$ cat final.cif   # mmCIF, N, CA and C atoms and all ligand atoms
data_protein
loop_
_atom_site.label_atom_id
_atom_site.label_comp_id
_atom_site.auth_asym_id
_atom_site.auth_seq_id
_atom_site.Cartn_x
_atom_site.Cartn_y
_atom_site.Cartn_z
N MET A 21 0.85 -1.19 0.00
CA MET A 21 0.00 0.00 0.00
C MET A 21 0.90 1.25 0.00
N THR A 22 0.59 2.21 -0.84
CA THR A 22 1.37 3.44 -0.93
C THR A 22 0.99 4.38 0.23
N PRO A 23 1.84 5.35 0.49
CA PRO A 23 1.45 6.32 1.53
C PRO A 23 0.12 6.98 1.22
N TRP A 24 -0.18 7.18 -0.05
CA TRP A 24 -1.45 7.83 -0.41
C TRP A 24 -2.63 6.94 -0.04
N GLY A 25 -2.46 5.64 -0.23
CA GLY A 25 -3.52 4.73 0.14
C GLY A 25 -3.78 4.74 1.63
N ILE A 26 -2.71 4.83 2.40
CA ILE A 26 -2.85 4.89 3.86
C ILE A 26 -3.60 6.16 4.25
N ARG A 27 -3.20 7.27 3.64
CA ARG A 27 -3.89 8.53 3.95
C ARG A 27 -5.39 8.45 3.66
N ASN A 28 -5.71 7.90 2.50
CA ASN A 28 -7.13 7.80 2.14
C ASN A 28 -7.89 6.89 3.09
N ARG A 29 -7.23 5.79 3.53
CA ARG A 29 -7.91 4.90 4.48
C ARG A 29 -8.16 5.62 5.80
N ILE A 30 -7.15 6.37 6.26
CA ILE A 30 -7.32 7.12 7.52
C ILE A 30 -8.42 8.17 7.36
N LYS A 31 -8.40 8.86 6.23
CA LYS A 31 -9.45 9.86 6.00
C LYS A 31 -10.82 9.21 5.96
N GLY A 32 -10.89 8.02 5.38
CA GLY A 32 -12.17 7.31 5.34
C GLY A 32 -12.65 6.94 6.73
N ILE A 33 -11.70 6.56 7.61
CA ILE A 33 -12.06 6.18 8.98
C ILE A 33 -12.52 7.39 9.77
N VAL A 34 -11.79 8.54 9.63
CA VAL A 34 -12.14 9.72 10.43
C VAL A 34 -13.13 10.62 9.71
N GLY A 35 -13.49 10.29 8.49
CA GLY A 35 -14.55 11.04 7.82
C GLY A 35 -14.08 12.18 6.94
N GLY A 36 -12.81 12.22 6.59
CA GLY A 36 -12.32 13.33 5.77
C GLY A 36 -12.16 13.00 4.31
N ALA A 37 -12.40 11.75 3.91
CA ALA A 37 -12.13 11.34 2.53
C ALA A 37 -12.95 12.13 1.52
N ASP A 38 -14.20 12.33 1.78
CA ASP A 38 -15.07 13.02 0.82
C ASP A 38 -15.43 14.41 1.30
N LYS A 39 -14.64 14.95 2.21
CA LYS A 39 -14.99 16.23 2.80
C LYS A 39 -15.16 17.32 1.75
N LYS A 40 -14.23 17.38 0.78
CA LYS A 40 -14.30 18.43 -0.22
C LYS A 40 -15.60 18.31 -1.03
N ALA A 41 -15.92 17.11 -1.47
CA ALA A 41 -17.12 16.92 -2.27
C ALA A 41 -18.37 17.22 -1.45
N THR A 42 -18.37 16.79 -0.20
CA THR A 42 -19.53 17.03 0.66
C THR A 42 -19.70 18.52 0.91
N ARG A 43 -18.56 19.18 1.15
CA ARG A 43 -18.62 20.60 1.44
C ARG A 43 -19.22 21.37 0.26
N SER A 44 -18.75 21.08 -0.96
CA SER A 44 -19.28 21.82 -2.09
C SER A 44 -20.76 21.48 -2.30
N ASP A 45 -21.16 20.27 -1.95
CA ASP A 45 -22.58 19.91 -2.07
C ASP A 45 -23.42 20.70 -1.06
N ASP A 46 -22.82 20.98 0.11
CA ASP A 46 -23.55 21.67 1.16
C ASP A 46 -23.60 23.18 0.96
N GLU A 47 -22.71 23.72 0.14
CA GLU A 47 -22.68 25.17 -0.04
C GLU A 47 -23.89 25.63 -0.84
N LEU A 48 -24.45 26.70 -0.40
CA LEU A 48 -25.62 27.26 -1.05
C LEU A 48 -25.23 28.59 -1.68
N THR A 49 -25.98 28.99 -2.67
CA THR A 49 -25.66 30.23 -3.37
C THR A 49 -26.77 31.25 -3.17
N LEU A 50 -26.34 32.47 -2.97
CA LEU A 50 -27.26 33.59 -2.73
C LEU A 50 -26.77 34.76 -3.57
N THR A 51 -27.68 35.52 -4.13
CA THR A 51 -27.31 36.72 -4.87
C THR A 51 -27.63 37.94 -4.03
N ILE A 52 -26.62 38.79 -3.86
CA ILE A 52 -26.81 40.03 -3.10
C ILE A 52 -26.64 41.20 -4.07
N VAL A 53 -27.65 42.05 -4.13
CA VAL A 53 -27.60 43.26 -4.95
C VAL A 53 -27.27 44.41 -4.01
N LEU A 54 -26.18 45.10 -4.30
CA LEU A 54 -25.77 46.22 -3.45
C LEU A 54 -26.58 47.46 -3.80
N PRO A 55 -26.58 48.47 -2.94
CA PRO A 55 -27.31 49.71 -3.25
C PRO A 55 -26.85 50.35 -4.56
N THR A 56 -25.62 50.08 -4.97
CA THR A 56 -25.11 50.63 -6.23
C THR A 56 -25.70 49.92 -7.44
N GLY A 57 -26.35 48.77 -7.21
CA GLY A 57 -26.90 47.99 -8.31
C GLY A 57 -26.02 46.81 -8.71
N LYS A 58 -24.78 46.79 -8.22
CA LYS A 58 -23.90 45.66 -8.54
C LYS A 58 -24.41 44.40 -7.85
N GLU A 59 -24.33 43.30 -8.56
CA GLU A 59 -24.80 42.02 -8.02
C GLU A 59 -23.63 41.09 -7.78
N TYR A 60 -23.70 40.38 -6.67
CA TYR A 60 -22.67 39.40 -6.34
C TYR A 60 -23.34 38.10 -5.95
N SER A 61 -22.76 37.03 -6.44
CA SER A 61 -23.20 35.70 -6.02
C SER A 61 -22.26 35.24 -4.93
N VAL A 62 -22.79 34.90 -3.78
CA VAL A 62 -21.96 34.46 -2.66
C VAL A 62 -22.36 33.04 -2.26
N LYS A 63 -21.40 32.34 -1.70
CA LYS A 63 -21.67 30.98 -1.22
C LYS A 63 -21.84 31.03 0.28
N ALA A 64 -22.67 30.15 0.79
CA ALA A 64 -22.93 30.14 2.23
C ALA A 64 -23.18 28.72 2.70
N GLU A 65 -22.85 28.49 3.93
CA GLU A 65 -23.17 27.22 4.57
C GLU A 65 -24.66 27.22 4.90
N PRO A 66 -25.29 26.07 4.91
CA PRO A 66 -26.70 26.03 5.31
C PRO A 66 -26.88 26.63 6.70
N ARG A 67 -27.94 27.37 6.88
CA ARG A 67 -28.32 28.03 8.15
C ARG A 67 -27.54 29.30 8.42
N TYR A 68 -26.61 29.69 7.54
CA TYR A 68 -25.99 31.01 7.68
C TYR A 68 -27.08 32.05 7.57
N THR A 69 -26.89 33.19 8.20
CA THR A 69 -27.78 34.31 7.94
C THR A 69 -27.27 35.04 6.70
N VAL A 70 -28.12 35.90 6.16
CA VAL A 70 -27.70 36.67 4.98
C VAL A 70 -26.53 37.58 5.35
N VAL A 71 -26.54 38.13 6.56
CA VAL A 71 -25.41 38.97 7.00
C VAL A 71 -24.12 38.15 7.00
N MET A 72 -24.18 36.95 7.53
CA MET A 72 -22.99 36.10 7.56
C MET A 72 -22.49 35.83 6.14
N ALA A 73 -23.39 35.54 5.23
CA ALA A 73 -22.99 35.27 3.85
C ALA A 73 -22.38 36.49 3.19
N SER A 74 -22.84 37.68 3.59
CA SER A 74 -22.33 38.90 2.95
C SER A 74 -20.93 39.27 3.41
N GLN A 75 -20.42 38.59 4.43
CA GLN A 75 -19.10 38.94 4.95
C GLN A 75 -17.98 38.69 3.95
N THR A 76 -18.24 37.90 2.91
CA THR A 76 -17.22 37.67 1.91
C THR A 76 -17.14 38.83 0.91
N LEU A 77 -18.11 39.72 0.94
CA LEU A 77 -18.10 40.86 0.02
C LEU A 77 -17.15 41.95 0.53
N GLU A 78 -16.65 42.74 -0.39
CA GLU A 78 -15.82 43.88 -0.01
C GLU A 78 -16.63 44.88 0.82
N THR A 79 -17.91 44.99 0.50
CA THR A 79 -18.81 45.88 1.24
C THR A 79 -19.96 45.04 1.79
N PRO A 80 -19.78 44.41 2.96
CA PRO A 80 -20.84 43.56 3.51
C PRO A 80 -22.04 44.37 3.97
N ILE A 81 -23.14 43.67 4.17
CA ILE A 81 -24.37 44.32 4.63
C ILE A 81 -24.12 44.94 6.01
N ALA A 82 -24.53 46.18 6.15
CA ALA A 82 -24.32 46.90 7.42
C ALA A 82 -25.23 46.35 8.50
N THR A 83 -24.72 46.34 9.70
CA THR A 83 -25.50 45.92 10.86
C THR A 83 -25.40 47.02 11.91
N GLY A 84 -26.38 47.03 12.83
CA GLY A 84 -26.36 48.10 13.80
C GLY A 84 -26.50 47.66 15.24
N CYS A 85 -26.64 46.37 15.46
CA CYS A 85 -26.84 45.92 16.83
C CYS A 85 -26.37 44.48 16.99
N PRO A 86 -26.14 44.06 18.20
CA PRO A 86 -25.74 42.67 18.42
C PRO A 86 -26.90 41.73 18.69
N ASP A 87 -28.11 42.27 18.89
CA ASP A 87 -29.21 41.41 19.31
C ASP A 87 -30.38 41.35 18.34
N GLY A 88 -30.19 41.90 17.14
CA GLY A 88 -31.24 41.78 16.14
C GLY A 88 -32.46 42.63 16.38
N GLY A 89 -32.27 43.82 16.96
CA GLY A 89 -33.43 44.65 17.26
C GLY A 89 -33.43 46.03 16.65
N CYS A 90 -32.41 46.40 15.87
CA CYS A 90 -32.32 47.78 15.40
C CYS A 90 -32.94 47.99 14.02
N GLY A 91 -32.97 46.97 13.20
CA GLY A 91 -33.49 47.10 11.84
C GLY A 91 -32.48 47.67 10.86
N GLY A 92 -31.25 47.84 11.28
CA GLY A 92 -30.22 48.42 10.41
C GLY A 92 -29.76 47.52 9.28
N CYS A 93 -30.09 46.27 9.36
CA CYS A 93 -29.62 45.31 8.34
C CYS A 93 -30.74 44.96 7.36
N THR A 94 -31.71 45.84 7.22
CA THR A 94 -32.87 45.54 6.38
C THR A 94 -32.46 45.26 4.94
N ILE A 95 -33.06 44.24 4.38
CA ILE A 95 -32.87 43.89 2.97
C ILE A 95 -34.23 43.79 2.32
N ASP A 96 -34.24 43.99 1.00
CA ASP A 96 -35.45 43.80 0.22
C ASP A 96 -35.30 42.45 -0.48
N VAL A 97 -36.18 41.53 -0.19
CA VAL A 97 -36.08 40.19 -0.77
C VAL A 97 -36.71 40.21 -2.16
N LEU A 98 -35.87 40.06 -3.18
CA LEU A 98 -36.34 40.05 -4.56
C LEU A 98 -36.81 38.65 -4.97
N ASP A 99 -36.16 37.64 -4.40
CA ASP A 99 -36.57 36.24 -4.60
C ASP A 99 -36.27 35.50 -3.29
N GLY A 100 -37.31 35.09 -2.63
CA GLY A 100 -37.15 34.49 -1.31
C GLY A 100 -36.91 32.99 -1.31
N SER A 101 -36.80 32.39 -2.49
CA SER A 101 -36.54 30.95 -2.49
C SER A 101 -35.17 30.72 -1.87
N GLY A 102 -35.11 29.77 -0.96
CA GLY A 102 -33.84 29.51 -0.29
C GLY A 102 -33.71 30.20 1.05
N LEU A 103 -34.68 31.01 1.43
CA LEU A 103 -34.65 31.65 2.74
C LEU A 103 -35.71 31.02 3.65
N ALA A 104 -35.33 30.79 4.90
CA ALA A 104 -36.30 30.29 5.88
C ALA A 104 -37.32 31.39 6.16
N ALA A 105 -38.49 30.99 6.57
CA ALA A 105 -39.53 31.95 6.94
C ALA A 105 -39.06 32.77 8.15
N ALA A 106 -39.61 33.95 8.26
CA ALA A 106 -39.25 34.82 9.39
C ALA A 106 -39.67 34.19 10.70
N THR A 107 -38.81 34.31 11.69
CA THR A 107 -39.17 33.84 13.03
C THR A 107 -40.15 34.83 13.64
N ALA A 108 -40.76 34.47 14.76
CA ALA A 108 -41.70 35.36 15.43
C ALA A 108 -41.01 36.65 15.85
N ALA A 109 -39.77 36.57 16.32
CA ALA A 109 -39.04 37.76 16.75
C ALA A 109 -38.77 38.69 15.57
N GLU A 110 -38.35 38.10 14.43
CA GLU A 110 -38.10 38.93 13.26
C GLU A 110 -39.40 39.55 12.76
N GLN A 111 -40.46 38.75 12.70
CA GLN A 111 -41.73 39.25 12.19
C GLN A 111 -42.26 40.40 13.05
N LYS A 112 -42.06 40.30 14.36
CA LYS A 112 -42.51 41.36 15.26
C LYS A 112 -41.80 42.67 14.92
N LEU A 113 -40.49 42.60 14.73
CA LEU A 113 -39.73 43.80 14.39
C LEU A 113 -40.12 44.33 13.01
N LEU A 114 -40.32 43.41 12.06
CA LEU A 114 -40.73 43.84 10.71
C LEU A 114 -42.08 44.53 10.76
N ASP A 115 -42.99 44.00 11.56
CA ASP A 115 -44.32 44.61 11.67
C ASP A 115 -44.23 46.00 12.29
N GLU A 116 -43.31 46.17 13.23
CA GLU A 116 -43.15 47.48 13.86
C GLU A 116 -42.53 48.50 12.91
N LYS A 117 -41.54 48.06 12.15
CA LYS A 117 -40.78 49.01 11.32
C LYS A 117 -41.21 49.08 9.87
N TRP A 118 -41.61 47.94 9.31
CA TRP A 118 -41.81 47.88 7.87
C TRP A 118 -43.13 47.21 7.50
N LYS A 119 -44.17 47.48 8.21
CA LYS A 119 -45.45 46.81 7.95
C LYS A 119 -45.91 47.02 6.50
N GLU A 120 -45.64 48.19 5.94
CA GLU A 120 -46.09 48.48 4.58
C GLU A 120 -45.15 47.92 3.50
N LYS A 121 -44.07 47.26 3.93
CA LYS A 121 -43.10 46.69 2.97
C LYS A 121 -42.97 45.18 3.22
N PRO A 122 -43.88 44.39 2.68
CA PRO A 122 -43.88 42.96 2.98
C PRO A 122 -42.67 42.19 2.46
N THR A 123 -41.91 42.78 1.56
CA THR A 123 -40.74 42.05 1.03
C THR A 123 -39.48 42.33 1.85
N PHE A 124 -39.59 43.19 2.85
CA PHE A 124 -38.41 43.50 3.65
C PHE A 124 -38.17 42.40 4.69
N ARG A 125 -36.89 42.11 4.90
CA ARG A 125 -36.46 41.16 5.93
C ARG A 125 -35.27 41.75 6.65
N LEU A 126 -34.92 41.11 7.74
CA LEU A 126 -33.71 41.50 8.47
C LEU A 126 -32.62 40.50 8.13
N ALA A 127 -31.53 41.01 7.58
CA ALA A 127 -30.46 40.12 7.10
C ALA A 127 -29.79 39.36 8.23
N CYS A 128 -29.84 39.90 9.44
CA CYS A 128 -29.22 39.19 10.56
C CYS A 128 -30.11 38.09 11.10
N HIS A 129 -31.37 38.06 10.67
CA HIS A 129 -32.29 37.00 11.07
C HIS A 129 -32.52 35.99 9.94
N ALA A 130 -32.55 36.46 8.71
CA ALA A 130 -32.93 35.62 7.57
C ALA A 130 -31.89 34.53 7.34
N ARG A 131 -32.31 33.29 7.52
CA ARG A 131 -31.39 32.16 7.38
C ARG A 131 -31.53 31.53 5.99
N ILE A 132 -30.38 31.11 5.48
CA ILE A 132 -30.32 30.52 4.14
C ILE A 132 -30.48 29.01 4.28
N ILE A 133 -31.50 28.48 3.63
CA ILE A 133 -31.75 27.04 3.73
C ILE A 133 -31.70 26.37 2.35
N GLY A 134 -31.51 27.16 1.31
CA GLY A 134 -31.42 26.60 -0.03
C GLY A 134 -30.80 27.63 -0.96
N SER A 135 -30.48 27.23 -2.15
CA SER A 135 -29.90 28.15 -3.13
C SER A 135 -31.01 28.92 -3.84
N GLY A 136 -30.63 30.05 -4.42
CA GLY A 136 -31.55 30.76 -5.29
C GLY A 136 -32.09 32.07 -4.77
N ALA A 137 -31.83 32.39 -3.51
CA ALA A 137 -32.36 33.65 -2.99
C ALA A 137 -31.65 34.83 -3.65
N ARG A 138 -32.37 35.92 -3.77
CA ARG A 138 -31.81 37.15 -4.34
C ARG A 138 -32.32 38.30 -3.48
N VAL A 139 -31.40 39.03 -2.87
CA VAL A 139 -31.79 40.10 -1.96
C VAL A 139 -31.08 41.39 -2.32
N LYS A 140 -31.74 42.50 -2.01
CA LYS A 140 -31.11 43.81 -2.23
C LYS A 140 -30.77 44.40 -0.88
N ALA A 141 -29.51 44.72 -0.68
CA ALA A 141 -29.06 45.34 0.57
C ALA A 141 -29.45 46.81 0.56
N MET A 142 -29.95 47.29 1.70
CA MET A 142 -30.32 48.69 1.81
C MET A 142 -29.11 49.54 2.19
N SER A 143 -28.22 49.00 2.99
CA SER A 143 -27.00 49.72 3.34
C SER A 143 -25.87 48.72 3.58
N VAL A 144 -24.68 49.15 3.26
CA VAL A 144 -23.50 48.28 3.38
C VAL A 144 -22.39 49.03 4.10
N TRP A 145 -21.48 48.24 4.65
CA TRP A 145 -20.28 48.84 5.23
C TRP A 145 -19.34 49.18 4.10
N THR A 146 -18.77 50.36 4.15
CA THR A 146 -17.74 50.75 3.18
C THR A 146 -16.55 51.26 3.98
N MET A 147 -15.48 51.50 3.30
CA MET A 147 -14.31 52.06 3.99
C MET A 147 -14.69 53.38 4.63
N ASP A 148 -15.55 54.18 3.99
CA ASP A 148 -15.95 55.46 4.56
C ASP A 148 -16.75 55.27 5.84
N THR A 149 -17.67 54.29 5.87
CA THR A 149 -18.48 54.10 7.07
C THR A 149 -17.63 53.54 8.21
N THR A 150 -16.67 52.69 7.90
CA THR A 150 -15.85 52.12 8.97
C THR A 150 -14.88 53.15 9.51
N ARG A 151 -14.50 54.13 8.68
CA ARG A 151 -13.62 55.20 9.16
C ARG A 151 -14.42 56.29 9.87
N GLY A 152 -15.73 56.30 9.65
CA GLY A 152 -16.57 57.32 10.26
C GLY A 152 -16.58 58.64 9.53
N THR A 153 -16.24 58.61 8.23
CA THR A 153 -16.25 59.86 7.46
C THR A 153 -17.47 59.92 6.58
S1 LIG B 201 -28.31 44.26 12.79
FE1 LIG B 201 -29.82 45.11 14.10
S2 LIG B 201 -31.60 44.09 13.42
FE2 LIG B 201 -30.08 43.20 12.17
#
$ encode --input "final.cif" --output "structure tokens" --more "lines below"
Ligand code: FES
Amino acid sequence: MTPWGIRNRIKGIVGGADKKATRSDDELTLTIVLPTGKEYSVKAEPRYTVVMASQTLETPIATGCPDGGCGGCTIDVLDGSGLAAATAAEQKLLDEKWKEKPTFRLACHARIIGSGARVKAMSVWTMDTTRGT
């Protein structure tokens, strides 16, 4: 048996042999439209929030609180396929802030459960916002 065969057997025993293939199968795709109109396709692990998925962008979706209560991460859902339904906590905040905008969601709450979602970010972090200018 070659050293490569030994490695593959060990990976098979500890579960790493097909990790790469499994990982790519588990990755989901989401399209984020920035306020500028530029669109980016990002990959995300299942159950990531839209905010978490946006962290790979140069200008991720802006957030304003640690507990999901400010509404600063509002997104407009252009295609909601692939997003879990709003939780009761998110829906309560949406009803308070955006009752007249049924397509709005909170990116820090909206979880990705499948591919195909398309969302428009209302505000993003930029170098100017992080510098405070
Ligand atoms: S960051 Fe405050 S509600 Fe999402």
$ closest_atom_pairs --input "final.cif" --of "chain A" --to "ligand LIG 201 (chain B)" --cutoff "7 Å" --atoms "only N, CA and C atoms and all ligand atoms" --output "Markdown table"
| residue | atom | partner | partner_atom | distance |
| --- | --- | --- | --- | --- |
| A:Ala82 | C | B:LIG201 | S1 | 5.7 |
| A:Thr83 | CA | B:LIG201 | S1 | 3.8 |
| A:Gly84 | N | B:LIG201 | S1 | 3.4 |
| A:Cys85 | N | B:LIG201 | FE1 | 3.7 |
| A:Pro86 | N | B:LIG201 | FE1 | 5.6 |
| A:Asp87 | C | B:LIG201 | FE1 | 5.7 |
| A:Gly88 | C | B:LIG201 | S2 | 3.4 |
| A:Gly89 | N | B:LIG201 | S2 | 3.6 |
| A:Cys90 | N | B:LIG201 | FE1 | 3.4 |
| A:Gly91 | N | B:LIG201 | S2 | 3.2 |
| A:Gly92 | N | B:LIG201 | FE1 | 4.2 |
| A:Cys93 | N | B:LIG201 | FE2 | 4.2 |
| A:Thr94 | N | B:LIG201 | FE2 | 5.8 |
| A:Leu126 | CA | B:LIG201 | FE2 | 5.5 |
| A:Ala127 | N | B:LIG201 | FE2 | 5.3 |
| A:Cys128 | N | B:LIG201 | FE2 | 4.3 |
| A:His129 | N | B:LIG201 | FE2 | 5.5 |
$ select_by_dssp --input "final.cif" --residues "stretch 76-142 of chain A" --states "strand (DSSP E or B)" --output "list of chain:residue names"
A:Ile81, A:Thr94, A:Ile95, A:Asp96, A:Val97, A:Leu98, A:Asp99, A:Leu103, A:Phe124, A:Arg125, A:Leu126, A:Arg131, A:Ile132, A:Ala137, A:Arg138, A:Val139, A:Lys140, A:Ala141
$ select_by_dssp --input "final.cif" --residues "stretch 51-86 of chain A" --states "helix (DSSP H, G or I)" --output "ChimeraX atom specification"
/A:70-74
$ atom_distance --input "final.cif" --atom1 "atom C of A:Ser143" --atom2 "atom N of A:Leu48"
22.4 Å
$ atom_distance --input "final.cif" --atom1 "atom CA of A:Asp115" --atom2 "atom CA of A:Asp99"
19.9 Å
$ residues_around --input "final.cif" --residues "A:Val139" --least-positions-apart "4" --cutoff "6.5 Å" --atoms "all atoms listed in the file" --output "JSON, numbers by chain"
{"A": [50, 51, 52, 53, 54, 95, 96, 97, 98, 99]}
$ closest_residue --input "final.cif" --among "A:Ser74, A:Phe124, A:Ile133, A:Lys119" --to "A:Leu103" --atoms "only N, CA and C atoms"
A:Ile133
$ atom_distance --input "final.cif" --atom1 "atom C of A:Thr76" --atom2 "atom CA of A:Ala105"
24.2 Å
$ closest_residue --input "final.cif" --among "A:Leu114, A:Trp145, A:Thr123, A:Thr49" --to "A:Glu65" --atoms "all atoms listed in the file"
A:Thr49
$ residues_around --input "final.cif" --residues "A:Ala104" --least-positions-apart "2" --cutoff "6 Å" --atoms "only N, CA and C atoms" --output "PDB file with N, CA and C atoms, in the frame of the given file"
ATOM      1  N   GLY A 102     -35.110  29.770  -0.960  1.00  0.00           N
ATOM      2  CA  GLY A 102     -33.840  29.510  -0.290  1.00  0.00           C
ATOM      3  C   GLY A 102     -33.710  30.200   1.050  1.00  0.00           C
ATOM      4  N   ALA A 106     -39.610  33.950   8.260  1.00  0.00           N
ATOM      5  CA  ALA A 106     -39.250  34.820   9.390  1.00  0.00           C
ATOM      6  C   ALA A 106     -39.670  34.190  10.700  1.00  0.00           C
ATOM      7  N   ALA A 130     -32.550  36.460   8.710  1.00  0.00           N
ATOM      8  CA  ALA A 130     -32.930  35.620   7.570  1.00  0.00           C
ATOM      9  C   ALA A 130     -31.890  34.530   7.340  1.00  0.00           C
ATOM     10  N   ARG A 131     -32.310  33.290   7.520  1.00  0.00           N
ATOM     11  CA  ARG A 131     -31.390  32.160   7.380  1.00  0.00           C
ATOM     12  C   ARG A 131     -31.530  31.530   5.990  1.00  0.00           C
ATOM     13  N   ILE A 132     -30.380  31.110   5.480  1.00  0.00           N
ATOM     14  CA  ILE A 132     -30.320  30.520   4.140  1.00  0.00           C
ATOM     15  C   ILE A 132     -30.480  29.010   4.280  1.00  0.00           C
ATOM     16  N   ILE A 133     -31.500  28.480   3.630  1.00  0.00           N
ATOM     17  CA  ILE A 133     -31.750  27.040   3.730  1.00  0.00           C
ATOM     18  C   ILE A 133     -31.700  26.370   2.350  1.00  0.00           C
TER      19      ILE A 133
END
$ closest_residue --input "final.cif" --among "A:Gln111, A:Glu47, A:Ile81, A:Tyr60" --to "A:Ser135" --atoms "all atoms listed in the file"
A:Glu47
$ closest_residue --input "final.cif" --among "A:Leu77, A:Arg125, A:Gly57, A:Gly136" --to "A:Thr107" --atoms "only C-alpha atoms"
A:Arg125
$ closest_residue --input "final.cif" --among "A:Asp46, A:Trp118, A:Thr146, A:Glu78" --to "A:Pro66" --atoms "only N, CA and C atoms"
A:Asp46
$ closest_residue --input "final.cif" --among "A:Glu110, A:Pro122, A:Glu116, A:Arg67" --to "A:Gly134" --atoms "all atoms listed in the file"
A:Arg67
